[in-house]
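Colleague: Sending over structure.tsv (TSV, C-alpha atoms).
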chain	number	residue	atom	x	y	z
A	191	MET	CA	-60.30	-59.18	20.55
A	192	LYS	CA	-63.41	-60.74	19.03
A	193	LYS	CA	-64.73	-59.67	15.65
A	194	GLU	CA	-68.04	-57.86	15.41
A	195	LEU	CA	-71.22	-59.45	14.06
A	196	SER	CA	-74.77	-58.25	13.51
A	197	ILE	CA	-77.83	-60.49	13.42
A	198	TYR	CA	-80.99	-60.03	11.35
A	199	ILE	CA	-84.05	-62.12	12.28
A	200	HIS	CA	-86.84	-62.27	9.69
A	201	ILE	CA	-90.44	-62.58	10.85
A	202	PRO	CA	-92.34	-63.19	7.59
A	203	PHE	CA	-95.91	-62.79	8.89
A	204	CYS	CA	-98.29	-59.85	8.57
A	205	VAL	CA	-102.01	-59.19	8.97
A	206	ARG	CA	-102.09	-58.53	5.24
A	207	LYS	CA	-99.53	-57.35	2.71
A	208	CYS	CA	-99.44	-53.63	2.01
A	209	PHE	CA	-100.22	-52.79	-1.61
A	210	TYR	CA	-96.63	-51.63	-2.30
A	211	CYS	CA	-94.80	-54.46	-0.53
A	212	ASP	CA	-92.60	-56.94	-2.38
A	213	PHE	CA	-90.83	-58.23	0.74
A	214	LEU	CA	-90.96	-61.90	1.66
A	215	SER	CA	-94.02	-62.00	3.90
A	216	PHE	CA	-97.20	-64.03	4.31
A	217	PRO	CA	-100.64	-62.94	5.55
A	218	THR	CA	-101.49	-65.23	8.45
A	219	GLY	CA	-105.12	-64.70	9.40
A	220	GLU	CA	-105.66	-66.81	12.48
A	221	VAL	CA	-103.08	-69.51	11.74
A	222	LYS	CA	-101.35	-69.42	15.13
A	223	ASP	CA	-99.92	-72.92	14.76
A	224	THR	CA	-97.95	-71.79	11.70
A	225	ILE	CA	-96.31	-68.98	13.67
A	226	GLU	CA	-95.48	-71.25	16.59
A	227	CYS	CA	-93.91	-73.83	14.27
A	228	TYR	CA	-91.90	-71.07	12.62
A	229	VAL	CA	-90.60	-69.73	15.94
A	230	ASN	CA	-89.38	-73.22	16.81
A	231	LEU	CA	-87.57	-73.48	13.47
A	232	LEU	CA	-86.03	-70.05	13.95
A	233	CYS	CA	-84.69	-70.90	17.41
A	234	ARG	CA	-83.32	-74.15	16.03
A	235	GLU	CA	-81.50	-72.33	13.21
A	236	ILE	CA	-80.03	-69.81	15.66
A	237	LYS	CA	-78.69	-72.65	17.82
A	238	GLN	CA	-77.34	-74.71	14.91
A	239	SER	CA	-75.50	-71.76	13.37
A	240	ALA	CA	-73.82	-70.51	16.53
A	241	GLU	CA	-70.77	-72.77	16.43
A	242	ALA	CA	-69.50	-70.99	13.31
A	243	TYR	CA	-69.44	-67.64	15.16
A	244	ILE	CA	-67.61	-68.44	18.40
A	245	GLU	CA	-64.97	-65.84	17.54
A	246	TYR	CA	-67.56	-63.07	17.12
A	247	GLN	CA	-69.45	-60.77	19.44
A	248	VAL	CA	-72.88	-59.44	18.48
A	249	ILE	CA	-73.18	-55.64	18.40
A	250	SER	CA	-76.71	-55.42	17.01
A	251	VAL	CA	-79.84	-57.49	16.45
A	252	PHE	CA	-82.72	-56.48	14.17
A	253	LEU	CA	-86.11	-58.22	14.20
A	254	GLY	CA	-87.75	-57.24	10.91
A	255	GLY	CA	-90.43	-58.47	8.62
A	256	GLY	CA	-93.26	-58.77	7.95
A	257	THR	CA	-94.57	-57.74	11.34
A	258	PRO	CA	-92.57	-59.01	14.33
A	259	SER	CA	-95.15	-57.51	16.70
A	260	LEU	CA	-97.67	-60.12	15.49
A	261	LEU	CA	-95.78	-62.66	17.59
A	262	THR	CA	-96.68	-63.11	21.24
A	263	THR	CA	-94.32	-61.60	23.79
A	264	GLU	CA	-93.47	-65.15	24.89
A	265	GLN	CA	-92.41	-66.03	21.35
A	266	ILE	CA	-90.29	-62.88	21.10
A	267	GLY	CA	-88.74	-63.86	24.43
A	268	ARG	CA	-87.81	-67.32	23.18
A	269	ILE	CA	-86.15	-65.91	20.07
A	270	MET	CA	-84.12	-63.41	22.08
A	271	GLU	CA	-83.21	-66.05	24.66
A	272	ALA	CA	-81.83	-68.24	21.87
A	273	VAL	CA	-79.67	-65.36	20.64
A	274	ARG	CA	-78.35	-64.59	24.13
A	275	ARG	CA	-77.73	-68.24	24.95
A	276	TYR	CA	-75.81	-69.19	21.83
A	277	TYR	CA	-74.12	-65.91	20.89
A	278	GLN	CA	-71.98	-63.49	22.86
A	279	MET	CA	-73.65	-60.09	22.87
A	280	THR	CA	-71.89	-56.87	23.84
A	281	PRO	CA	-73.43	-55.15	26.89
A	282	ASP	CA	-74.48	-52.17	24.77
A	283	ALA	CA	-75.80	-54.15	21.79
A	284	GLU	CA	-78.52	-52.34	19.85
A	285	VAL	CA	-81.62	-54.56	19.59
A	286	THR	CA	-84.32	-53.26	17.26
A	287	MET	CA	-87.81	-54.62	16.74
A	288	GLU	CA	-90.18	-53.45	14.02
A	289	MET	CA	-93.69	-52.75	15.28
A	290	ASN	CA	-96.75	-51.97	13.18
A	291	PRO	CA	-99.61	-49.86	14.55
A	292	GLY	CA	-102.62	-52.01	15.26
A	293	THR	CA	-100.54	-55.03	16.31
A	294	VAL	CA	-99.21	-53.86	19.70
A	295	GLU	CA	-101.34	-54.29	22.82
A	296	SER	CA	-101.10	-52.59	26.19
A	297	GLY	CA	-98.40	-54.17	28.35
A	298	GLU	CA	-96.53	-55.74	25.44
A	299	PRO	CA	-93.82	-53.07	25.01
A	300	GLU	CA	-92.84	-53.52	28.67
A	301	GLN	CA	-92.37	-57.22	27.96
A	302	TYR	CA	-90.28	-56.45	24.87
A	303	ILE	CA	-87.92	-54.46	27.08
A	304	THR	CA	-87.60	-57.33	29.57
A	305	HIS	CA	-86.61	-59.54	26.62
A	306	GLY	CA	-83.77	-57.18	25.70
A	307	ILE	CA	-85.38	-55.08	22.96
A	308	ASN	CA	-84.05	-51.52	23.36
A	309	ARG	CA	-85.00	-49.85	20.07
A	310	ALA	CA	-88.46	-49.68	18.49
A	311	SER	CA	-89.09	-49.02	14.80
A	312	ILE	CA	-92.70	-48.07	14.05
A	313	GLY	CA	-94.06	-48.05	10.51
A	314	LEU	CA	-96.29	-45.01	10.17
A	315	GLN	CA	-95.67	-44.16	6.47
A	316	SER	CA	-98.18	-41.27	6.46
A	317	ALA	CA	-100.18	-39.19	8.92
A	318	ASP	CA	-103.01	-38.91	6.37
A	319	ASP	CA	-105.66	-41.63	6.71
A	320	GLY	CA	-106.61	-41.45	3.03
A	321	GLU	CA	-103.02	-42.05	1.97
A	322	LEU	CA	-102.76	-44.96	4.41
A	323	ARG	CA	-105.88	-46.59	2.91
A	324	ARG	CA	-104.59	-46.18	-0.64
A	325	ILE	CA	-101.37	-48.06	0.16
A	326	GLY	CA	-103.16	-50.81	2.08
A	327	ARG	CA	-101.98	-50.13	5.62
A	328	ILE	CA	-104.05	-51.83	8.33
A	329	HIS	CA	-104.03	-48.80	10.65
A	330	ASP	CA	-105.03	-45.15	10.74
A	331	TYR	CA	-103.10	-42.26	12.26
A	332	ALA	CA	-104.92	-42.58	15.59
A	333	ALA	CA	-103.81	-46.22	15.88
A	334	PHE	CA	-100.23	-45.14	15.25
A	335	LEU	CA	-100.46	-42.56	18.05
A	336	ARG	CA	-101.74	-45.23	20.45
A	337	THR	CA	-98.82	-47.51	19.56
A	338	TYR	CA	-96.30	-44.70	19.92
A	339	ASP	CA	-97.75	-43.78	23.32
A	340	LEU	CA	-97.58	-47.41	24.50
A	341	VAL	CA	-93.94	-47.66	23.42
A	342	ARG	CA	-92.95	-44.42	25.14
A	343	ARG	CA	-94.84	-45.23	28.35
A	344	ALA	CA	-93.07	-48.59	28.47
A	345	GLY	CA	-89.73	-46.79	28.61
A	346	PHE	CA	-88.34	-47.00	25.09
A	347	CYS	CA	-85.76	-44.22	24.74
A	348	ASN	CA	-84.73	-45.01	21.16
A	349	VAL	CA	-87.58	-44.94	18.65
A	350	ASN	CA	-87.57	-44.77	14.85
A	351	ILE	CA	-90.58	-43.77	12.75
A	352	ASP	CA	-90.83	-44.73	9.07
A	353	ILE	CA	-92.50	-42.28	6.67
A	354	MET	CA	-92.93	-42.32	2.89
A	355	ALA	CA	-93.15	-39.75	0.11
A	356	ALA	CA	-94.48	-39.99	-3.47
A	357	LEU	CA	-97.60	-41.87	-2.32
A	358	PRO	CA	-100.76	-42.04	-4.46
A	359	GLY	CA	-102.90	-38.98	-3.85
A	360	GLN	CA	-100.20	-37.32	-1.76
A	361	SER	CA	-99.54	-33.59	-2.04
A	362	ILE	CA	-96.66	-31.48	-0.82
A	363	ALA	CA	-99.00	-30.04	1.81
A	364	SER	CA	-100.09	-33.46	3.12
A	365	TYR	CA	-96.49	-34.67	3.19
A	366	GLU	CA	-95.47	-31.56	5.14
A	367	GLN	CA	-98.26	-32.34	7.60
A	368	THR	CA	-96.77	-35.82	8.10
A	369	LEU	CA	-93.36	-34.27	8.78
A	370	ARG	CA	-94.87	-31.81	11.27
A	371	ARG	CA	-96.82	-34.46	13.13
A	372	VAL	CA	-93.89	-36.86	13.32
A	373	THR	CA	-91.33	-34.32	14.49
A	374	ALA	CA	-93.78	-33.03	17.11
A	375	LEU	CA	-93.49	-36.48	18.73
A	376	ALA	CA	-89.68	-36.10	18.93
A	377	PRO	CA	-88.55	-39.61	17.95
A	378	GLU	CA	-84.83	-40.20	18.04
A	379	HIS	CA	-84.69	-41.41	14.43
A	380	ILE	CA	-86.72	-40.93	11.25
A	381	SER	CA	-86.48	-43.03	8.08
A	382	ALA	CA	-87.92	-41.13	5.12
A	383	TYR	CA	-88.29	-43.15	1.93
A	384	SER	CA	-89.80	-42.46	-1.46
A	385	LEU	CA	-92.29	-45.02	-2.75
A	386	ILE	CA	-90.91	-47.32	-5.44
A	387	LEU	CA	-93.52	-49.12	-7.51
A	388	GLU	CA	-92.35	-52.73	-7.59
A	389	GLU	CA	-93.58	-54.94	-10.42
A	390	GLY	CA	-96.03	-57.58	-9.27
A	391	THR	CA	-97.41	-55.61	-6.31
A	392	PRO	CA	-101.11	-54.58	-6.22
A	393	LEU	CA	-100.17	-50.89	-6.33
A	394	TYR	CA	-98.05	-51.45	-9.44
A	395	GLU	CA	-100.90	-53.26	-11.17
A	396	ARG	CA	-103.43	-50.56	-10.25
A	397	GLN	CA	-101.25	-47.47	-10.64
A	398	SER	CA	-103.44	-46.09	-13.44
A	399	GLU	CA	-106.25	-45.67	-10.90
A	400	TYR	CA	-104.32	-43.12	-8.86
A	401	ARG	CA	-102.72	-39.74	-9.23
A	402	PHE	CA	-99.08	-39.92	-8.15
A	403	PRO	CA	-97.00	-36.83	-7.38
A	404	ALA	CA	-95.20	-35.46	-10.45
A	405	GLU	CA	-91.42	-35.60	-10.61
A	406	GLU	CA	-91.20	-31.91	-9.66
A	407	GLU	CA	-93.32	-32.58	-6.57
A	408	ASN	CA	-91.09	-35.54	-5.62
A	409	VAL	CA	-88.04	-33.29	-5.81
A	410	GLU	CA	-89.80	-30.70	-3.67
A	411	MET	CA	-90.75	-33.34	-1.09
A	412	ASP	CA	-87.15	-34.51	-0.88
A	413	LEU	CA	-85.92	-30.95	-0.39
A	414	LEU	CA	-88.62	-30.34	2.21
A	415	THR	CA	-87.57	-33.47	4.10
A	416	ARG	CA	-83.94	-32.37	4.31
A	417	ARG	CA	-84.68	-28.79	5.33
A	418	TYR	CA	-87.50	-29.48	7.74
A	419	LEU	CA	-85.77	-32.32	9.58
A	420	ALA	CA	-82.53	-30.34	9.81
A	421	ASP	CA	-84.46	-27.43	11.35
A	422	CYS	CA	-85.92	-29.89	13.88
A	423	GLY	CA	-82.51	-31.17	14.96
A	424	TYR	CA	-82.17	-34.30	12.82
A	425	HIS	CA	-78.97	-34.77	10.84
A	426	ARG	CA	-79.03	-36.72	7.62
A	427	TYR	CA	-76.45	-39.49	7.86
A	428	GLU	CA	-77.63	-41.70	4.99
A	429	ILE	CA	-79.68	-41.12	1.86
A	430	SER	CA	-83.00	-41.90	3.58
A	431	ASN	CA	-82.14	-41.76	7.29
A	432	TYR	CA	-82.09	-38.95	9.83
A	433	ALA	CA	-81.17	-39.04	13.50
A	434	ARG	CA	-80.57	-36.97	16.58
A	435	GLU	CA	-77.01	-36.99	17.86
A	436	GLU	CA	-75.85	-40.49	18.97
A	437	TYR	CA	-78.98	-42.19	17.60
A	438	GLU	CA	-77.84	-43.33	14.16
A	439	CYS	CA	-78.95	-46.92	13.53
A	440	ARG	CA	-75.95	-49.08	14.34
A	441	HIS	CA	-77.39	-52.15	12.63
A	442	ASN	CA	-78.00	-50.51	9.26
A	443	LYS	CA	-74.57	-48.91	9.31
A	444	VAL	CA	-73.10	-52.42	9.40
A	445	TYR	CA	-74.67	-53.05	5.98
A	446	TRP	CA	-73.46	-49.78	4.48
A	447	GLN	CA	-69.95	-50.23	5.88
A	448	ARG	CA	-69.70	-53.89	4.81
A	449	GLY	CA	-69.50	-55.34	8.28
A	450	ASN	CA	-70.25	-58.97	9.09
A	451	TYR	CA	-73.90	-59.93	9.44
A	452	VAL	CA	-75.87	-63.16	9.52
A	453	GLY	CA	-79.58	-63.52	8.80
A	454	PHE	CA	-82.05	-66.05	10.17
A	455	GLY	CA	-85.37	-67.00	8.62
A	456	PRO	CA	-86.55	-67.62	5.03
A	457	GLY	CA	-84.81	-65.40	2.49
A	458	ALA	CA	-82.58	-63.78	5.11
A	459	ALA	CA	-79.26	-62.59	3.68
A	460	SER	CA	-75.83	-62.97	5.27
A	461	MET	CA	-72.35	-61.67	4.52
A	462	VAL	CA	-69.42	-62.81	6.65
A	463	GLU	CA	-65.76	-62.35	5.71
A	464	ASN	CA	-66.69	-61.54	2.10
A	465	VAL	CA	-68.83	-64.63	1.63
A	466	ARG	CA	-72.46	-63.89	0.80
A	467	TRP	CA	-75.48	-66.19	0.91
A	468	SER	CA	-79.25	-66.20	1.44
A	469	ASN	CA	-81.49	-68.70	3.15
A	470	PRO	CA	-84.07	-70.62	1.09
A	471	PHE	CA	-87.07	-68.42	0.29
A	472	SER	CA	-90.11	-70.66	0.66
A	473	MET	CA	-91.28	-71.84	4.06
A	474	GLU	CA	-91.08	-75.44	2.89
A	475	SER	CA	-87.48	-75.24	1.67
A	476	TYR	CA	-86.48	-73.20	4.74
A	477	ALA	CA	-87.95	-75.87	7.03
A	478	ALA	CA	-86.11	-78.59	5.09
A	479	TYR	CA	-82.85	-76.65	5.40
A	480	VAL	CA	-83.19	-76.14	9.17
A	481	THR	CA	-84.19	-79.73	9.87
A	482	ARG	CA	-81.31	-80.92	7.65
A	483	GLN	CA	-83.60	-82.84	5.34
A	484	GLU	CA	-81.70	-81.11	2.55
A	485	THR	CA	-78.12	-79.92	2.44
A	486	ALA	CA	-76.67	-76.46	2.90
A	487	ASP	CA	-76.18	-76.31	-0.88
A	488	LEU	CA	-79.52	-74.52	-0.86
A	489	LEU	CA	-77.67	-71.44	0.43
A	490	HIS	CA	-75.86	-70.67	-2.85
A	491	ARG	CA	-72.75	-69.21	-1.23
A	492	GLN	CA	-70.86	-66.62	-3.22
A	493	ILE	CA	-67.26	-65.69	-2.47
A	494	LEU	CA	-66.91	-62.05	-3.45
A	495	THR	CA	-63.97	-61.22	-5.69
A	496	PRO	CA	-61.70	-58.29	-4.80
A	497	GLN	CA	-63.38	-56.25	-7.54
A	498	GLU	CA	-66.84	-57.01	-6.16
A	499	GLN	CA	-65.66	-56.05	-2.69
A	500	MET	CA	-64.34	-52.71	-3.98
A	501	GLU	CA	-67.59	-52.02	-5.81
A	502	GLU	CA	-69.60	-52.66	-2.65
A	503	TYR	CA	-67.21	-50.62	-0.53
A	504	MET	CA	-67.88	-47.60	-2.74
A	505	PHE	CA	-71.56	-47.85	-3.70
A	506	LEU	CA	-72.68	-48.86	-0.22
A	507	GLY	CA	-70.35	-46.49	1.61
A	508	LEU	CA	-71.37	-43.54	-0.54
A	509	ARG	CA	-74.96	-43.97	0.65
A	510	MET	CA	-73.74	-42.40	3.87
A	511	VAL	CA	-73.42	-38.63	3.97
A	512	CYS	CA	-69.92	-38.89	5.47
A	513	GLY	CA	-68.84	-41.00	2.50
A	514	VAL	CA	-65.90	-43.42	2.55
A	515	SER	CA	-62.37	-43.31	3.92
A	516	ALA	CA	-59.53	-43.41	1.41
A	517	ALA	CA	-57.15	-44.69	4.11
A	518	ALA	CA	-59.54	-47.51	5.07
A	519	PHE	CA	-59.89	-48.45	1.39
A	520	ALA	CA	-56.09	-48.73	1.11
A	521	ARG	CA	-55.85	-50.80	4.32
A	522	THR	CA	-58.61	-53.12	3.17
A	523	PHE	CA	-57.50	-53.72	-0.39
A	524	GLY	CA	-53.77	-52.96	-0.39
A	525	ILE	CA	-54.13	-50.37	-3.13
A	526	SER	CA	-55.12	-46.70	-3.13
A	527	VAL	CA	-58.61	-45.66	-4.12
A	528	GLU	CA	-57.06	-43.27	-6.64
A	529	ASP	CA	-55.27	-46.11	-8.39
A	530	VAL	CA	-58.57	-47.96	-8.78
A	531	TYR	CA	-61.11	-45.19	-9.18
A	532	GLY	CA	-59.11	-42.05	-9.92
A	533	ASP	CA	-60.78	-41.37	-13.27
A	534	VAL	CA	-64.26	-41.92	-11.83
A	535	ILE	CA	-63.59	-39.66	-8.85
A	536	ARG	CA	-62.25	-36.87	-11.04
A	537	GLU	CA	-65.19	-37.08	-13.46
A	538	LEU	CA	-67.83	-37.07	-10.71
A	539	HIS	CA	-66.00	-34.15	-9.09
A	540	ARG	CA	-66.08	-32.31	-12.41
A	541	GLN	CA	-69.84	-32.90	-12.58
A	542	GLY	CA	-70.29	-31.52	-9.06
A	543	LEU	CA	-71.50	-34.84	-7.68
A	544	LEU	CA	-68.55	-35.81	-5.47
A	545	VAL	CA	-65.96	-34.08	-3.28
A	546	ARG	CA	-62.73	-35.13	-1.59
A	547	GLU	CA	-62.19	-33.58	1.85
A	548	GLY	CA	-59.01	-34.85	3.46
A	549	ASP	CA	-59.42	-38.58	3.94
A	550	ARG	CA	-63.12	-38.60	3.10
A	551	ILE	CA	-64.70	-39.07	-0.32
A	552	ARG	CA	-68.40	-38.25	-0.32
A	553	LEU	CA	-71.28	-37.35	-2.58
A	554	THR	CA	-72.39	-33.73	-2.65
A	555	ARG	CA	-76.02	-32.84	-1.98
A	556	ARG	CA	-76.57	-32.90	-5.73
A	557	GLY	CA	-74.76	-36.24	-5.90
A	558	LEU	CA	-77.07	-37.70	-3.26
A	559	ASP	CA	-80.04	-36.54	-5.33
A	560	VAL	CA	-78.78	-38.65	-8.26
A	561	SER	CA	-77.07	-41.28	-6.14
A	562	ASN	CA	-78.05	-44.23	-8.34
A	563	TYR	CA	-76.22	-42.67	-11.28
A	564	ALA	CA	-73.19	-41.60	-9.22
A	565	MET	CA	-72.74	-44.94	-7.48
A	566	ALA	CA	-73.15	-46.89	-10.71
A	567	GLN	CA	-69.96	-45.27	-11.97
A	568	PHE	CA	-67.99	-47.35	-9.44
A	569	LEU	CA	-69.08	-50.64	-11.00
A	570	PHE	CA	-66.49	-52.37	-13.12
A	571	ASP	CA	-67.52	-53.21	-16.70
Translate the structure described by the file into structure tokens.

Modeller:
Amino acid sequence: MKKELSIYIHIPFCVRKCFYCDFLSFPTGEVKDTIECYVNLLCREIKQSAEAYIEYQVISVFLGGGTPSLLTTEQIGRIMEAVRRYYQMTPDAEVTMEMNPGTVESGEPEQYITHGINRASIGLQSADDGELRRIGRIHDYAAFLRTYDLVRRAGFCNVNIDIMAALPGQSIASYEQTLRRVTALAPEHISAYSLILEEGTPLYERQSEYRFPAEEENVEMDLLTRRYLADCGYHRYEISNYAREEYECRHNKVYWQRGNYVGFGPGAASMVENVRWSNPFSMESYAAYVTRQETADLLHRQILTPQEQMEEYMFLGLRMVCGVSAAAFARTFGISVEDVYGDVIRELHRQGLLVREGDRIRLTRRGLDVSNYAMAQFLFD
């Protein structure tokens, strides 16, 4: 039986960078030749890497960015054809493509489906146009609705919508309006994140110009998210992710459960059989790597030690509401989780942040609220 593998494909282009974004992406303007050259490099990397994964079958593909929907449907088709040609994909593989409102034209979602895309992830962030302007989004709420309608009419039956809390100028009332408008559309999946001000971004540099929600308001927004989405039929399965039954994101669960994944494109991260690496970050060094003008030493491979593997098993696995399996920990590492983390588990249980229920060890609701603190306790000194 073949091992399972997930593939991430990075599309680093966008119309312009959002004011909060610190991801690896480049505003393109009208530089179509740059995108075409990049697609050729990407397909070449996919082909060149395939020989190392003959013993694997692909269970999920994720086209992220940046804005993958800036590419033409023909370019998306070539990328997906390269994946299908050089990798073995399971018949039910989940294939997600991120789409930004304002970058999807009529007829394109139908073409995405013909190219094998079966899950759409649309970045709304807020249903309030003022909030969208303050964070530098290129669209308004009406543009989002047009994109969502195009995707549904094309036949997409698995759609995620991204929303954000703690935005500049946001109130509990405006955030609740976003929740109401999004759930009224009945997407299968909702990702609800809180804004993090990243150093070096325009929003970080200009934060003094805005009123941000107070800590008490942030807590109230988080509580509202959990209660409102639960009432609408969405179960929380990870700190920031909610889904209807059978619509949890398979690709992201691979990350949280330490499965094997390989990334293509500049800066894309990979982790296969406990070896971790990232592609070169700049377009120039990425092109040199793919065309073999420079060696694979650029990848900076790291073989994870058993301790590092245990740390990741716990602090990634505990992001999920179901927590981690003690039996799986023992099978993986040849030692019981109690022998390694018994003191930590008992202390977090005493603090009301963690519970043990049969085989499962999971964070409580309070533990999820302070997850960074709780998960940090599983790091070795």

Colleague: Enter the distance from CA of Asp559 (chain A) to CA of Phe402 (chain A), in Å, rounded to one decimal.

Modeller: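 Separation of CA of Asp559 (chain A) and CA of Phe402 (chain A): 19.5 Å.
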
Colleague: Between A:Gly255, A:Leu543, A:Ile328, A:Asn350, which one has atoms that come closest to Met565 (chain A), using only C-alpha atoms?

Modeller: A:Leu543

Colleague: For Gln499 (chain A), which residue out of A:Arg434, A:Arg448, A:Arg327, A:His305 is the nearest one, using all atoms listed in the file?

Modeller: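 Closest to Gln499 (chain A), using all atoms listed in the file: A:Arg448.
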
Colleague: Could you give me, as a VMD selection string, the residues within 10 Å of region 375-380 of chain A, counting all atoms listed in the file and dropping anything in the same chain fewer than 5 positions from it?

Modeller: chain A and resid 309 to 312 335 338 to 339 342 347 to 353 369 to 370 419 422 to 426 430 to 439

Colleague: Using CA of Ala317 (chain A) and CA of Gly390 (chain A) as the two end points, give the distance in Å to one decimal.

Modeller: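 Distance reported for this atom pair: 26.2 Å.
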
Colleague: Residues within 10 Å of Asn308 (chain A), please, as JSON, numbers by chain. Count all atoms listed in the file; anything in the same chain fewer than 6 positions from it doesn't count.

Modeller: {"A": [282, 283, 284, 285, 286, 287, 302, 345, 346, 347, 348, 349]}

Colleague: The selected residues should be written to file as a tab-separated table (two decimals), in the coordinates of the input (atoms: C-alpha atoms).

Modeller:
chain	number	residue	atom	x	y	z
A	282	ASP	CA	-74.48	-52.17	24.77
A	283	ALA	CA	-75.80	-54.15	21.79
A	284	GLU	CA	-78.52	-52.34	19.85
A	285	VAL	CA	-81.62	-54.56	19.59
A	286	THR	CA	-84.32	-53.26	17.26
A	287	MET	CA	-87.81	-54.62	16.74
A	302	TYR	CA	-90.28	-56.45	24.87
A	345	GLY	CA	-89.73	-46.79	28.61
A	346	PHE	CA	-88.34	-47.00	25.09
A	347	CYS	CA	-85.76	-44.22	24.74
A	348	ASN	CA	-84.73	-45.01	21.16
A	349	VAL	CA	-87.58	-44.94	18.65

Colleague: Find the spatial neighbours of Asp318 (chain A), counting only C-alpha atoms, within a cut-off of 10 Å - ignore same-chain residues fewer than 2 positions away - and output them as a VMD selection string.

Modeller: chain A and resid 314 to 316 320 to 323 330 to 331 360 364 to 365 367 to 368

Colleague: Of the candidates A:Leu195, A:Ala404, A:Leu357, A:Val465, which one gets nearest to Tyr246 (chain A) if we count all atoms listed in the file?

Modeller: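 Checking each of A:Leu195, A:Ala404, A:Leu357, A:Val465 against Tyr246 (chain A), counting all atoms listed in the file, the winner is A:Leu195.
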
Colleague: What lies within 12 Å of Val409 (chain A) using all atoms listed in the file, ignoring chain neighbours under 4 positions off, as a list of chain:residue names?

Modeller: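 Surrounding residues, per the criterion: A:Ala355, A:Ala356, A:Ile362, A:Ser384, A:Pro403, A:Ala404, A:Glu405, A:Leu413, A:Leu414, A:Thr415, A:Arg416, A:Arg556, A:Asp559, A:Val560.
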
Colleague: Would you list the contacts of Met279 (chain A) as an NGL selection string, taking every protein, DNA or RNA residue within 9 Å and counting all atoms listed in the file, but skipping same-chain residues closer than 2 positions in sequence?

Modeller: :A and (246-250 or 273-274 or 277 or 281-283)

Colleague: Work out how far CA of Val511 (chain A) is from CA of Ser468 (chain A), in Å to one decimal.

Modeller: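 Going from CA of Ser468 (chain A) over to CA of Val511 (chain A), I get 28.3 Å.
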
Colleague: So that all listed atoms of region 546-555 of chain A fit with 4 Å spare on each side, what axis-aligned box centre and edge lengths in Å, to one decimal, would you give as lines of an AutoDock Vina configuration file?

Modeller:
center_x = -67.5
center_y = -36.0
center_z = 0.6
size_x = 25.0
size_y = 14.2
size_z = 14.6

Colleague: Quick one: of A:Arg234, A:Arg275, A:Arg550, A:Met354, who's nearest to Tyr383 (chain A), counting all atoms listed in the file?

Modeller: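 With all atoms listed in the file as the atom set, the closest residue is A:Met354.
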
Colleague: Ranking A:Ile199, A:Leu558, A:Cys227, A:Met504 by minimum distance to Ala477 (chain A) and counting only C-alpha atoms, which one comes first?

Modeller: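 Smallest separation from Ala477 (chain A) among the options: A:Cys227.
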
Colleague: Would you please work out which residue, of A:Val530, A:Thr495, A:Gly557, A:Ala566, is nearest to Val545 (chain A) when using only C-alpha atoms?

Modeller: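 With only C-alpha atoms as the atom set, the closest residue is A:Gly557.
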
Colleague: Residues of region 236-282 of chain A within 12 Å of region 204-214 of chain A: nearest atom pair and distance (Å, one decimal) for each, counting only C-alpha atoms, sorted by chain and number, as JSON lines?

Modeller:
{"residue": "A:Gly254", "atom": "CA", "partner": "A:Phe213", "partner_atom": "CA", "distance": 10.7}
{"residue": "A:Gly255", "atom": "CA", "partner": "A:Leu214", "partner_atom": "CA", "distance": 7.8}
{"residue": "A:Gly256", "atom": "CA", "partner": "A:Cys204", "partner_atom": "CA", "distance": 5.2}
{"residue": "A:Thr257", "atom": "CA", "partner": "A:Cys204", "partner_atom": "CA", "distance": 5.1}
{"residue": "A:Pro258", "atom": "CA", "partner": "A:Cys204", "partner_atom": "CA", "distance": 8.2}
{"residue": "A:Ser259", "atom": "CA", "partner": "A:Cys204", "partner_atom": "CA", "distance": 9.0}
{"residue": "A:Leu260", "atom": "CA", "partner": "A:Cys204", "partner_atom": "CA", "distance": 7.0}
{"residue": "A:Leu261", "atom": "CA", "partner": "A:Cys204", "partner_atom": "CA", "distance": 9.8}

Colleague: Starting from the point (-66.3, -37.9, -7.3), work out which residues of protein, DNA or RNA have an atom no more than 10 Å away when counting all atoms listed in the file; state them as a compact mmCIF listing (two decimals) with C-alpha atoms, keeping the file's coordinate frame.

Modeller:
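The result, stored in point_39.txt:
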# COMPACT_ATOMS: atom_id res chain seq x y z
CA TYR A 531 -61.11 -45.19 -9.18
CA GLY A 532 -59.11 -42.05 -9.92
CA ASP A 533 -60.78 -41.37 -13.27
CA VAL A 534 -64.26 -41.92 -11.83
CA ILE A 535 -63.59 -39.66 -8.85
CA ARG A 536 -62.25 -36.87 -11.04
CA GLU A 537 -65.19 -37.08 -13.46
CA LEU A 538 -67.83 -37.07 -10.71
CA HIS A 539 -66.00 -34.15 -9.09
CA ARG A 540 -66.08 -32.31 -12.41
CA GLN A 541 -69.84 -32.90 -12.58
CA GLY A 542 -70.29 -31.52 -9.06
CA LEU A 543 -71.50 -34.84 -7.68
CA LEU A 544 -68.55 -35.81 -5.47
CA VAL A 545 -65.96 -34.08 -3.28
CA ARG A 546 -62.73 -35.13 -1.59
CA ILE A 551 -64.70 -39.07 -0.32
CA ARG A 552 -68.40 -38.25 -0.32
CA LEU A 553 -71.28 -37.35 -2.58
CA THR A 554 -72.39 -33.73 -2.65
CA GLY A 557 -74.76 -36.24 -5.90
CA ALA A 564 -73.19 -41.60 -9.22
CA MET A 565 -72.74 -44.94 -7.48
CA GLN A 567 -69.96 -45.27 -11.97
CA PHE A 568 -67.99 -47.35 -9.44
